[in-house]
file structure-v1.csv (CSV, C-alpha atoms)
chain,number,residue,atom,x,y,z
A,1,MET,CA,-13.8,-26.9,15.0
A,2,THR,CA,-12.5,-30.4,13.9
A,3,ASN,CA,-9.0,-30.3,12.5
A,4,GLY,CA,-8.6,-33.8,11.1
A,5,PRO,CA,-6.9,-34.1,7.7
A,6,GLY,CA,-10.2,-34.6,5.9
A,7,ALA,CA,-11.9,-31.7,7.6
A,8,GLY,CA,-8.9,-29.3,7.3
A,9,ILE,CA,-8.2,-29.4,3.6
A,10,PRO,CA,-11.3,-27.5,2.5
A,11,ALA,CA,-10.6,-24.9,5.1
A,12,VAL,CA,-7.0,-24.6,4.0
A,13,SER,CA,-8.2,-24.2,0.4
A,14,THR,CA,-10.4,-21.4,1.5
A,15,ALA,CA,-7.6,-19.7,3.4
A,16,ILE,CA,-5.2,-20.0,0.3
A,17,LEU,CA,-7.8,-18.4,-1.9
A,18,ALA,CA,-8.3,-15.6,0.6
A,19,MET,CA,-4.5,-14.9,0.6
A,20,SER,CA,-4.3,-15.0,-3.2
A,21,ARG,CA,-6.9,-12.2,-3.4
A,22,HIS,CA,-4.6,-9.4,-2.3
A,23,LEU,CA,-1.6,-7.7,-4.0
A,24,GLU,CA,-0.4,-5.3,-1.3
A,25,VAL,CA,2.1,-6.8,1.2
A,26,ARG,CA,0.3,-5.5,4.3
A,27,ASP,CA,-3.0,-6.9,3.1
A,28,VAL,CA,-1.4,-10.3,2.5
A,29,LEU,CA,0.1,-10.4,6.0
A,30,LYS,CA,-3.2,-9.5,7.7
A,31,THR,CA,-5.0,-12.1,5.7
A,32,ILE,CA,-2.4,-14.8,6.5
A,33,VAL,CA,-2.7,-14.1,10.2
A,34,ALA,CA,-6.5,-14.0,10.2
A,35,GLU,CA,-6.9,-17.2,8.2
A,36,ALA,CA,-4.4,-19.1,10.3
A,37,ARG,CA,-6.1,-18.2,13.5
A,38,GLU,CA,-9.5,-19.2,12.1
A,39,LEU,CA,-8.2,-22.4,10.6
A,40,LEU,CA,-6.7,-23.7,13.8
A,41,ASP,CA,-9.3,-22.1,16.1
A,42,ALA,CA,-6.7,-20.2,18.2
A,43,GLU,CA,-7.2,-17.1,20.4
A,44,TYR,CA,-4.2,-15.3,19.0
A,45,ALA,CA,-2.1,-15.3,15.9
A,46,ALA,CA,0.8,-13.2,14.7
A,47,LEU,CA,3.2,-13.0,11.8
A,48,GLY,CA,6.6,-11.3,12.1
A,49,VAL,CA,8.7,-10.1,9.1
A,50,PRO,CA,12.4,-9.6,10.1
A,51,ASP,CA,14.4,-6.5,9.4
A,52,ASP,CA,18.2,-6.3,9.0
A,53,HIS,CA,18.8,-4.9,12.5
A,54,GLY,CA,17.7,-7.5,14.9
A,55,GLY,CA,14.1,-6.5,15.1
A,56,PHE,CA,10.9,-6.9,13.1
A,57,ALA,CA,10.2,-4.7,10.1
A,58,GLN,CA,6.5,-5.7,10.3
A,59,PHE,CA,4.5,-7.5,13.0
A,60,VAL,CA,0.9,-8.2,12.3
A,61,VAL,CA,-1.5,-9.6,15.0
A,62,ASP,CA,-5.0,-11.0,15.1
A,63,GLY,CA,-7.1,-11.5,18.2
A,64,VAL,CA,-5.6,-8.5,20.0
A,65,SER,CA,-7.6,-5.3,20.1
A,66,ASN,CA,-6.2,-2.0,19.0
A,67,GLU,CA,-6.2,-0.7,22.6
A,68,GLN,CA,-4.3,-3.8,23.8
A,69,TRP,CA,-1.8,-3.5,20.9
A,70,LYS,CA,-1.1,0.2,21.7
A,71,ALA,CA,-0.7,-0.7,25.4
A,72,ILE,CA,1.8,-3.5,24.6
A,73,GLY,CA,4.3,-1.0,23.2
A,74,PRO,CA,7.0,-1.2,20.6
A,75,LEU,CA,7.5,-4.1,18.2
A,76,PRO,CA,9.2,-7.1,19.7
A,77,ARG,CA,12.9,-7.7,19.1
A,78,GLN,CA,14.2,-11.0,17.5
A,79,HIS,CA,14.9,-12.9,20.7
A,80,GLY,CA,13.9,-16.1,22.5
A,81,ILE,CA,11.2,-18.2,21.0
A,82,LEU,CA,10.4,-15.5,18.3
A,83,ALA,CA,13.9,-15.7,17.0
A,84,ALA,CA,13.9,-19.5,16.7
A,85,MET,CA,11.8,-19.7,13.6
A,86,LEU,CA,13.6,-16.7,12.0
A,87,HIS,CA,17.0,-18.4,12.2
A,88,ASN,CA,16.1,-22.1,12.1
A,89,ALA,CA,13.4,-23.4,9.8
A,90,THR,CA,12.0,-25.7,12.5
A,91,PRO,CA,8.4,-25.7,13.7
A,92,GLU,CA,7.8,-25.2,17.4
A,93,ARG,CA,4.9,-26.8,19.3
A,94,LEU,CA,4.8,-26.2,23.0
A,95,ALA,CA,2.4,-27.0,25.8
A,96,ASP,CA,3.3,-23.8,27.6
A,97,VAL,CA,5.5,-21.2,26.0
A,98,ARG,CA,6.2,-19.6,29.3
A,99,LYS,CA,8.1,-22.7,30.5
A,100,ASP,CA,10.4,-22.8,27.5
A,101,PRO,CA,14.0,-21.9,28.5
A,102,ARG,CA,14.1,-19.4,25.6
A,103,PHE,CA,11.0,-17.5,26.9
A,104,GLY,CA,12.0,-14.0,27.8
A,105,GLY,CA,8.7,-12.7,29.2
A,106,TRP,CA,5.9,-10.5,27.9
A,107,PRO,CA,5.3,-6.8,28.3
A,108,ALA,CA,2.9,-6.1,31.2
A,109,ALA,CA,-0.1,-5.4,28.9
A,110,HIS,CA,0.5,-8.5,26.8
A,111,PRO,CA,-2.4,-11.1,26.8
A,112,ASP,CA,-1.7,-14.3,28.8
A,113,MET,CA,-0.6,-17.2,26.5
A,114,SER,CA,0.1,-20.8,27.1
A,115,ASP,CA,0.1,-23.5,24.4
A,116,PHE,CA,2.0,-22.3,21.3
A,117,LEU,CA,2.6,-23.3,17.7
A,118,GLY,CA,5.0,-21.5,15.4
A,119,LEU,CA,6.3,-22.1,11.9
A,120,PRO,CA,8.6,-20.3,9.6
A,121,VAL,CA,7.3,-18.8,6.3
A,122,ALA,CA,10.1,-19.7,3.9
A,123,ASP,CA,10.9,-19.3,0.2
A,124,GLY,CA,13.6,-21.9,-0.4
A,125,ASP,CA,16.4,-21.1,2.0
A,126,GLU,CA,15.1,-17.6,2.7
A,127,ILE,CA,13.0,-17.1,5.7
A,128,LEU,CA,10.4,-14.4,4.9
A,129,GLY,CA,8.8,-14.4,8.4
A,130,ALA,CA,7.5,-16.5,11.2
A,131,LEU,CA,3.9,-17.4,11.9
A,132,PHE,CA,2.8,-17.8,15.6
A,133,LEU,CA,-0.4,-19.2,17.1
A,134,ALA,CA,-1.3,-19.3,20.8
A,135,ASN,CA,-4.1,-20.6,23.0
A,136,LYS,CA,-6.0,-23.2,21.0
A,137,ARG,CA,-9.7,-23.2,22.0
A,138,CYS,CA,-10.0,-26.8,23.2
A,139,PRO,CA,-9.6,-28.8,26.5
A,140,LYS,CA,-6.0,-29.3,27.5
A,141,PRO,CA,-5.8,-32.2,30.1
A,142,ASP,CA,-2.7,-32.5,32.2
A,143,GLY,CA,-1.2,-29.3,30.8
A,144,SER,CA,-0.8,-30.8,27.3
A,145,CYS,CA,-0.6,-28.8,24.1
A,146,GLY,CA,-3.9,-28.1,22.4
A,147,PHE,CA,-2.2,-27.9,19.0
A,148,THR,CA,-1.8,-31.3,17.4
A,149,GLU,CA,0.4,-32.8,14.7
A,150,ASP,CA,-2.5,-32.4,12.3
A,151,ASP,CA,-2.6,-28.7,13.2
A,152,GLU,CA,1.1,-28.5,12.5
A,153,ARG,CA,0.7,-30.1,9.1
A,154,LEU,CA,-2.2,-27.9,8.1
A,155,LEU,CA,-0.4,-24.8,9.2
A,156,GLY,CA,2.7,-26.0,7.3
A,157,ILE,CA,0.6,-26.1,4.1
A,158,LEU,CA,-0.8,-22.7,4.8
A,159,ALA,CA,2.8,-21.4,5.5
A,160,GLN,CA,4.0,-22.7,2.1
A,161,HIS,CA,1.3,-20.9,0.2
A,162,ALA,CA,1.7,-17.8,2.4
A,163,ALA,CA,5.3,-17.6,1.2
A,164,ILE,CA,4.1,-17.7,-2.4
A,165,ALA,CA,1.4,-15.0,-1.7
A,166,LEU,CA,3.9,-12.8,0.1
A,167,THR,CA,6.6,-13.2,-2.6
A,168,ASN,CA,4.0,-12.3,-5.3
A,169,ALA,CA,2.9,-9.2,-3.3
A,170,ARG,CA,6.4,-8.0,-2.9
A,171,LEU,CA,7.0,-8.5,-6.7
A,172,TYR,CA,3.8,-6.6,-7.4
A,173,GLU,CA,4.8,-3.7,-5.2
A,174,ARG,CA,8.3,-3.6,-6.7
A,175,SER,CA,6.7,-3.6,-10.2
A,176,ARG,CA,4.6,-0.6,-9.2
A,177,GLU,CA,7.6,1.2,-7.7
A,178,LEU,CA,9.5,0.7,-11.0
A,179,THR,CA,6.5,2.0,-12.9
A,180,ILE,CA,6.4,5.1,-10.8
A,181,ALA,CA,10.2,5.5,-11.1
A,182,GLY,CA,9.8,5.2,-14.9
A,183,GLU,CA,7.2,7.9,-14.9
A,184,ARG,CA,9.4,10.1,-12.8
A,185,ALA,CA,12.4,9.5,-15.1
A,186,ARG,CA,10.3,10.4,-18.1
A,187,LEU,CA,8.9,13.5,-16.4
A,188,ALA,CA,12.5,14.6,-15.4
A,189,HIS,CA,13.5,14.3,-19.1
A,190,GLU,CA,10.5,16.4,-20.2
A,191,LEU,CA,11.2,19.0,-17.6
A,192,HIS,CA,14.9,19.1,-18.5
A,193,ASP,CA,14.0,19.7,-22.1
A,194,ALA,CA,11.5,22.4,-21.3
A,195,VAL,CA,13.9,24.3,-19.0
A,196,ALA,CA,16.8,23.9,-21.4
A,197,GLN,CA,14.6,25.4,-24.2
A,198,LYS,CA,13.7,28.3,-22.0
A,199,LEU,CA,17.3,29.0,-21.0
A,200,PHE,CA,18.4,28.8,-24.7
A,201,SER,CA,15.7,31.4,-25.6
A,202,LEU,CA,16.7,33.5,-22.7
A,203,ARG,CA,20.4,33.5,-23.8
A,204,LEU,CA,19.5,34.5,-27.4
A,205,THR,CA,17.2,37.2,-26.3
A,206,ALA,CA,19.8,38.6,-23.9
A,207,GLN,CA,22.4,38.6,-26.7
A,208,ALA,CA,19.9,40.5,-28.9
A,209,ALA,CA,19.3,43.1,-26.3
A,210,ALA,CA,23.0,43.6,-25.8
A,211,ALA,CA,23.5,44.1,-29.5
A,212,LEU,CA,20.6,46.7,-29.7
A,213,VAL,CA,21.3,48.7,-26.5
A,214,ASP,CA,23.5,51.3,-28.3
A,215,ARG,CA,21.8,51.7,-31.7
A,216,ASP,CA,18.1,51.0,-30.8
A,217,PRO,CA,17.5,51.5,-27.0
A,218,ALA,CA,13.7,51.2,-27.4
A,219,ARG,CA,14.0,47.7,-29.0
A,220,ALA,CA,16.6,46.7,-26.5
A,221,LYS,CA,14.2,47.6,-23.7
A,222,GLY,CA,11.6,45.4,-25.3
A,223,GLU,CA,14.0,42.5,-25.5
A,224,LEU,CA,14.9,43.0,-21.9
A,225,HIS,CA,11.3,42.7,-21.0
A,226,GLN,CA,11.2,39.5,-22.9
A,227,VAL,CA,14.3,38.3,-20.9
A,228,ALA,CA,12.5,39.0,-17.7
A,229,ALA,CA,9.4,37.0,-18.9
A,230,LEU,CA,11.5,34.0,-20.0
A,231,ALA,CA,13.5,34.0,-16.7
A,232,ALA,CA,10.2,33.9,-14.8
A,233,GLU,CA,9.0,31.0,-16.9
A,234,ALA,CA,12.3,29.1,-16.4
A,235,ALA,CA,12.0,29.7,-12.7
A,236,ASP,CA,8.5,28.3,-12.7
A,237,GLU,CA,9.6,25.2,-14.6
A,238,LEU,CA,12.4,24.6,-12.2
A,239,ARG,CA,10.1,25.0,-9.2
A,240,ALA,CA,7.7,22.5,-10.8
A,241,ALA,CA,10.6,20.1,-11.3
A,242,VAL,CA,11.5,20.3,-7.6
A,243,ILE,CA,7.9,19.9,-6.4
A,244,GLU,CA,6.7,17.3,-8.8
A,245,LEU,CA,9.7,15.0,-8.7
A,246,ARG,CA,9.7,14.9,-4.9
A,247,PRO,CA,8.3,11.6,-3.6
A,248,ALA,CA,4.9,11.8,-2.0
A,249,ALA,CA,5.1,12.4,1.7
A,250,LEU,CA,1.7,11.9,3.2
A,251,ASP,CA,2.9,12.3,6.8
A,252,GLU,CA,4.7,15.6,6.0
A,253,ASP,CA,2.5,17.2,3.4
A,254,GLY,CA,-1.0,15.9,4.2
A,255,LEU,CA,-3.5,14.2,1.9
A,256,VAL,CA,-4.5,17.2,-0.1
A,257,ALA,CA,-1.0,18.3,-1.0
A,258,THR,CA,0.1,14.7,-1.7
A,259,LEU,CA,-2.9,14.1,-4.1
A,260,ARG,CA,-2.3,17.4,-5.8
A,261,SER,CA,1.4,16.6,-6.3
A,262,GLN,CA,0.6,13.2,-7.7
A,263,ALA,CA,-2.0,14.5,-10.1
A,264,GLN,CA,0.5,17.1,-11.4
A,265,VAL,CA,3.1,14.3,-11.9
A,266,LEU,CA,0.7,12.1,-13.8
A,267,ASP,CA,-0.7,15.0,-15.8
A,268,ARG,CA,2.8,15.6,-17.2
A,269,ALA,CA,3.7,12.0,-17.6
A,270,HIS,CA,0.6,10.9,-19.6
A,271,ALA,CA,-1.2,12.1,-22.6
A,272,ALA,CA,-4.5,12.3,-20.6
A,273,ARG,CA,-5.4,15.5,-18.8
A,274,VAL,CA,-5.3,14.8,-15.0
A,275,THR,CA,-6.9,17.4,-12.7
A,276,PHE,CA,-7.3,17.7,-8.9
A,277,ALA,CA,-9.6,19.8,-6.8
A,278,ALA,CA,-10.2,19.9,-3.0
A,279,GLN,CA,-13.2,21.5,-1.3
A,280,GLY,CA,-13.2,22.2,2.5
A,281,VAL,CA,-11.3,19.0,3.4
A,282,ARG,CA,-10.4,18.7,7.1
A,283,ALA,CA,-7.6,16.5,8.5
A,284,LEU,CA,-8.5,12.9,9.0
A,285,PRO,CA,-7.0,10.0,11.0
A,286,ALA,CA,-3.8,8.7,9.5
A,287,ALA,CA,-5.3,5.3,8.5
A,288,GLN,CA,-8.1,7.0,6.6
A,289,GLU,CA,-5.8,9.3,4.8
A,290,GLU,CA,-3.5,6.5,3.8
A,291,ALA,CA,-6.5,4.4,2.6
A,292,LEU,CA,-7.8,7.3,0.5
A,293,LEU,CA,-4.4,7.9,-1.0
A,294,ARG,CA,-4.0,4.2,-2.0
A,295,VAL,CA,-7.4,4.0,-3.5
A,296,ALA,CA,-6.8,7.2,-5.5
A,297,GLN,CA,-3.5,5.7,-6.7
A,298,GLU,CA,-5.1,2.5,-7.8
A,299,ALA,CA,-8.0,4.2,-9.5
A,300,LEU,CA,-5.7,6.6,-11.3
A,301,HIS,CA,-3.5,3.7,-12.4
A,302,ASN,CA,-6.6,2.0,-13.9
A,303,ALA,CA,-7.8,5.1,-15.6
A,304,LEU,CA,-4.4,6.0,-17.2
A,305,ARG,CA,-3.3,2.4,-18.1
A,306,HIS,CA,-6.5,0.7,-19.1
A,307,SER,CA,-9.4,3.1,-19.9
A,308,GLY,CA,-8.0,5.1,-22.8
A,309,ALA,CA,-9.3,8.2,-21.1
A,310,GLU,CA,-8.5,11.7,-22.4
A,311,CYS,CA,-9.4,13.3,-19.1
A,312,VAL,CA,-9.3,12.1,-15.5
A,313,GLU,CA,-10.7,14.3,-12.7
A,314,VAL,CA,-9.8,13.7,-9.0
A,315,THR,CA,-11.8,15.5,-6.4
A,316,LEU,CA,-11.7,15.4,-2.6
A,317,ALA,CA,-14.5,17.1,-0.7
A,318,ARG,CA,-15.6,17.4,2.9
A,319,ASN,CA,-18.6,15.1,3.6
A,320,GLY,CA,-20.0,15.8,7.0
A,321,GLN,CA,-17.2,15.1,9.4
A,322,GLY,CA,-15.5,12.8,6.9
A,323,ALA,CA,-14.5,13.0,3.2
A,324,LEU,CA,-15.6,11.9,-0.2
A,325,LEU,CA,-13.0,11.0,-2.9
A,326,ARG,CA,-14.0,10.7,-6.5
A,327,ILE,CA,-11.9,9.7,-9.5
A,328,ALA,CA,-13.8,10.0,-12.8
A,329,ASP,CA,-12.6,9.4,-16.3
A,330,ASP,CA,-14.0,9.6,-19.8
A,331,GLY,CA,-12.5,6.3,-21.0
A,332,ARG,CA,-14.0,3.2,-22.4
A,333,GLY,CA,-15.7,2.0,-19.2
A,334,PHE,CA,-16.8,-1.5,-18.5
A,335,ASP,CA,-19.9,-3.5,-17.7
A,336,THR,CA,-20.4,-3.5,-14.0
A,337,ARG,CA,-22.6,-6.6,-14.3
A,338,LYS,CA,-19.4,-8.5,-15.1
A,339,VAL,CA,-17.8,-6.9,-12.1
A,340,ARG,CA,-16.2,-10.1,-10.8
A,341,ARG,CA,-13.9,-10.5,-13.8
A,342,ALA,CA,-13.4,-6.8,-14.2
A,343,GLY,CA,-12.9,-6.3,-10.4
A,344,ARG,CA,-10.0,-8.7,-10.3
A,345,HIS,CA,-8.4,-7.0,-13.3
A,346,LEU,CA,-8.9,-3.5,-11.9
A,347,GLY,CA,-8.1,-4.2,-8.3
A,348,LEU,CA,-11.6,-3.3,-7.1
A,349,VAL,CA,-11.5,-6.0,-4.4
A,350,SER,CA,-8.4,-4.5,-2.9
A,351,MET,CA,-9.9,-1.0,-3.1
A,352,ARG,CA,-13.2,-2.1,-1.4
A,353,ASP,CA,-11.1,-3.9,1.3
A,354,ARG,CA,-9.2,-0.6,2.0
A,355,ALA,CA,-12.4,1.4,2.2
A,356,SER,CA,-14.1,-1.1,4.6
A,357,GLY,CA,-11.0,-1.4,6.6
A,358,VAL,CA,-11.3,2.3,7.8
A,359,GLY,CA,-15.1,2.2,8.1
A,360,GLY,CA,-15.7,3.6,4.7
A,361,ARG,CA,-17.6,2.6,1.5
A,362,LEU,CA,-16.5,2.3,-2.1
A,363,THR,CA,-18.8,2.5,-5.1
A,364,VAL,CA,-18.0,2.1,-8.8
A,365,GLU,CA,-20.2,3.5,-11.6
A,366,SER,CA,-19.3,2.5,-15.2
A,367,GLU,CA,-20.8,1.7,-18.6
A,368,PRO,CA,-19.1,0.7,-21.8
A,369,GLY,CA,-18.2,3.8,-23.7
A,370,LYS,CA,-19.3,6.1,-20.9
A,371,GLY,CA,-16.3,6.2,-18.6
A,372,THR,CA,-15.8,5.2,-15.0
A,373,ALA,CA,-16.3,6.9,-11.6
A,374,VAL,CA,-14.8,5.5,-8.4
A,375,GLU,CA,-16.1,7.0,-5.2
A,376,MET,CA,-14.8,6.4,-1.7
A,377,GLU,CA,-16.6,7.8,1.4
A,378,VAL,CA,-15.0,7.7,4.8
A,379,PRO,CA,-16.5,8.9,8.1
A,380,GLY,CA,-14.9,11.5,10.4
A,381,GLY,CA,-12.4,10.5,13.0
call {"tool": "encode", "arguments": {"input": "structure-v1.csv", "output": "structure tokens"}}
result
Amino acid sequence: MTNGPGAGIPAVSTAILAMSRHLEVRDVLKTIVAEARELLDAEYAALGVPDDHGGFAQFVVDGVSNEQWKAIGPLPRQHGILAAMLHNATPERLADVRKDPRFGGWPAAHPDMSDFLGLPVADGDEILGALFLANKRCPKPDGSCGFTEDDERLLGILAQHAAIALTNARLYERSRELTIAGERARLAHELHDAVAQKLFSLRLTAQAAAALVDRDPARAKGELHQVAALAAEAADELRAAVIELRPAALDEDGLVATLRSQAQVLDRAHAARVTFAAQGVRALPAAQEEALLRVAQEALHNALRHSGAECVEVTLARNGQGALLRIADDGRGFDTRKVRRAGRHLGLVSMRDRASGVGGRLTVESEPGKGTAVEMEVPGG
């Protein structure tokens, strides 16, 4: 690959467009790393996002297999050469990272690396992360660095746009969190009103029973039966409040319980009827369950916010050794022949990426006036 200024700009443009396509932070990080490695023709690339405790909150790699990554062990700490770009917004270009005085060594399973290029990803004075490349695929006479000044400039352009893409993704996720928080607040208010009304009726009925117990025991007995029924209804409402206001916990509750809980929350929070059914679903690998959950959330968001649907049905069924997720609504639908524009609006690109990322497949069926059905199929683990 030739990385002169003229040859690099179209490649940078392609990389920037790829980064702008995603809205989830994790997807943006993975795209930045993959595009940087391809852009500069390096064996390895990584991007670290710092936490507040001297380590990395996220560390995404490209060029390292899943088996290698598992063998390497825990995420690296912020030390040595990795820390340099998290605390000083200065690029680092080295012929051999192992000879740098700040080099602290690799874990035993870590791939062997020599020439190195690292840049901070910054938004103004805030360093959002650090982008690392190693082992440029080119001749390196006399132990010189394979990465050039042109490479550094191109990666600098990419890093600037990566900061924008990452900031936008964080804002998007925060917006979604606020939307969910708003729905939960509304649901809490509705549940409070429902329970308060039940308790008020319970109090009045108990008072009526007390007034009747001496002069009309039969009627008092009937009122006490009503007290028992109202108490049971109030207990059910309170139980629903505890279950449905609890944040989704995929790791703790599993996919079926998490989808059921979210459907119940959305059913109460929106005018549309939201239902969920599961049929013979077996446990799946964590990555597949997370992908199914995220696609379900995106499809539900679309159906409830954009389609004008009166009914949304979510089903999760066993499909061989895998699973089939279906979200169908009776809303206004859209013309799938214009899927490029609609896909960007409805997040279909992101959903398809999630499906393909776990070896699955996503299909969308829709027609104007005839609703939409989103299906995601994943293989067994």
call {"tool": "residues_around", "arguments": {"input": "structure-v1.csv", "residues": "Gly280 (chain A)", "least_positions_apart": "6", "cutoff": "10 Å", "atoms": "all atoms listed in the file", "output": "VMD selection string"}}
result
chain A and resid 316 to 319 323
call {"tool": "closest_residue", "arguments": {"input": "structure-v1.csv", "among": "A:Ala299, A:Cys145, A:Val25, A:Val274", "to": "Val97 (chain A)", "atoms": "all atoms listed in the file"}}
result
A:Cys145
call {"tool": "atom_distance", "arguments": {"input": "structure-v1.csv", "atom1": "CA of Phe200 (chain A)", "atom2": "CA of Arg219 (chain A)"}}
result
19.9 Å
call {"tool": "atom_distance", "arguments": {"input": "structure-v1.csv", "atom1": "CA of Pro120 (chain A)", "atom2": "CA of Gly143 (chain A)"}}
result
25.0 Å
call {"tool": "residues_around", "arguments": {"input": "structure-v1.csv", "residues": "Asp115 (chain A)", "least_positions_apart": "2", "cutoff": "10 Å", "atoms": "only C-alpha atoms", "output": "tab-separated table (two decimals) with C-alpha atoms, in the coordinates of the input"}}
result
chain	number	residue	atom	x	y	z
A	42	ALA	CA	-6.70	-20.20	18.20
A	93	ARG	CA	4.90	-26.80	19.30
A	94	LEU	CA	4.80	-26.20	23.00
A	95	ALA	CA	2.40	-27.00	25.80
A	96	ASP	CA	3.30	-23.80	27.60
A	97	VAL	CA	5.50	-21.20	26.00
A	98	ARG	CA	6.20	-19.60	29.30
A	113	MET	CA	-0.60	-17.20	26.50
A	117	LEU	CA	2.60	-23.30	17.70
A	133	LEU	CA	-0.40	-19.20	17.10
A	134	ALA	CA	-1.30	-19.30	20.80
A	135	ASN	CA	-4.10	-20.60	23.00
A	136	LYS	CA	-6.00	-23.20	21.00
A	140	LYS	CA	-6.00	-29.30	27.50
A	143	GLY	CA	-1.20	-29.30	30.80
A	144	SER	CA	-0.80	-30.80	27.30
A	145	CYS	CA	-0.60	-28.80	24.10
A	146	GLY	CA	-3.90	-28.10	22.40
A	147	PHE	CA	-2.20	-27.90	19.00
call {"tool": "build_atoms", "arguments": {"input": "structure-v1.csv", "residues": "region 132-150 of chain A", "atoms": "N, CA and C atoms", "output": "mmCIF file, keeping the file's coordinate frame"}}
result
data_model
loop_
_atom_site.group_PDB
_atom_site.id
_atom_site.type_symbol
_atom_site.label_atom_id
_atom_site.label_comp_id
_atom_site.auth_asym_id
_atom_site.auth_seq_id
_atom_site.Cartn_x
_atom_site.Cartn_y
_atom_site.Cartn_z
ATOM 1 N N PHE A 132 2.967 -17.339 14.198
ATOM 2 C CA PHE A 132 2.800 -17.800 15.600
ATOM 3 C C PHE A 132 1.304 -17.922 15.909
ATOM 4 N N LEU A 133 0.936 -18.980 16.591
ATOM 5 C CA LEU A 133 -0.400 -19.200 17.100
ATOM 6 C C LEU A 133 -0.343 -19.500 18.580
ATOM 7 N N ALA A 134 -1.332 -19.056 19.350
ATOM 8 C CA ALA A 134 -1.300 -19.300 20.800
ATOM 9 C C ALA A 134 -2.756 -19.550 21.285
ATOM 10 N N ASN A 135 -2.868 -20.376 22.322
ATOM 11 C CA ASN A 135 -4.100 -20.600 23.000
ATOM 12 C C ASN A 135 -5.198 -21.215 22.124
ATOM 13 N N LYS A 136 -4.992 -22.464 21.765
ATOM 14 C CA LYS A 136 -6.000 -23.200 21.000
ATOM 15 C C LYS A 136 -7.262 -23.355 21.865
ATOM 16 N N ARG A 137 -8.419 -23.103 21.244
ATOM 17 C CA ARG A 137 -9.700 -23.200 22.000
ATOM 18 C C ARG A 137 -10.134 -24.662 22.068
ATOM 19 N N CYS A 138 -9.623 -25.379 23.043
ATOM 20 C CA CYS A 138 -10.000 -26.800 23.200
ATOM 21 C C CYS A 138 -9.535 -27.215 24.615
ATOM 22 N N PRO A 139 -10.070 -28.323 25.159
ATOM 23 C CA PRO A 139 -9.600 -28.800 26.500
ATOM 24 C C PRO A 139 -8.132 -29.231 26.381
ATOM 25 N N LYS A 140 -7.393 -28.989 27.463
ATOM 26 C CA LYS A 140 -6.000 -29.300 27.500
ATOM 27 C C LYS A 140 -5.689 -30.096 28.794
ATOM 28 N N PRO A 141 -6.025 -31.391 28.837
ATOM 29 C CA PRO A 141 -5.800 -32.200 30.100
ATOM 30 C C PRO A 141 -4.339 -32.322 30.408
ATOM 31 N N ASP A 142 -4.063 -32.262 31.700
ATOM 32 C CA ASP A 142 -2.700 -32.500 32.200
ATOM 33 C C ASP A 142 -1.681 -31.548 31.611
ATOM 34 N N GLY A 143 -2.102 -30.330 31.282
ATOM 35 C CA GLY A 143 -1.200 -29.300 30.800
ATOM 36 C C GLY A 143 -0.597 -29.657 29.401
ATOM 37 N N SER A 144 -1.291 -30.494 28.628
ATOM 38 C CA SER A 144 -0.800 -30.800 27.300
ATOM 39 C C SER A 144 -1.065 -29.721 26.309
ATOM 40 N N CYS A 145 -0.395 -29.776 25.178
ATOM 41 C CA CYS A 145 -0.600 -28.800 24.100
ATOM 42 C C CYS A 145 -1.857 -29.007 23.385
ATOM 43 N N GLY A 146 -2.637 -27.951 23.180
ATOM 44 C CA GLY A 146 -3.900 -28.100 22.400
ATOM 45 C C GLY A 146 -3.639 -28.277 20.941
ATOM 46 N N PHE A 147 -2.499 -27.807 20.446
ATOM 47 C CA PHE A 147 -2.200 -27.900 19.000
ATOM 48 C C PHE A 147 -1.664 -29.338 18.747
ATOM 49 N N THR A 148 -2.164 -29.960 17.686
ATOM 50 C CA THR A 148 -1.800 -31.300 17.400
ATOM 51 C C THR A 148 -0.874 -31.422 16.178
ATOM 52 N N GLU A 149 -0.444 -32.637 15.884
ATOM 53 C CA GLU A 149 0.400 -32.800 14.700
ATOM 54 C C GLU A 149 -0.387 -32.484 13.434
ATOM 55 N N ASP A 150 -1.686 -32.799 13.412
ATOM 56 C CA ASP A 150 -2.500 -32.400 12.300
ATOM 57 C C ASP A 150 -2.548 -30.892 12.104
#
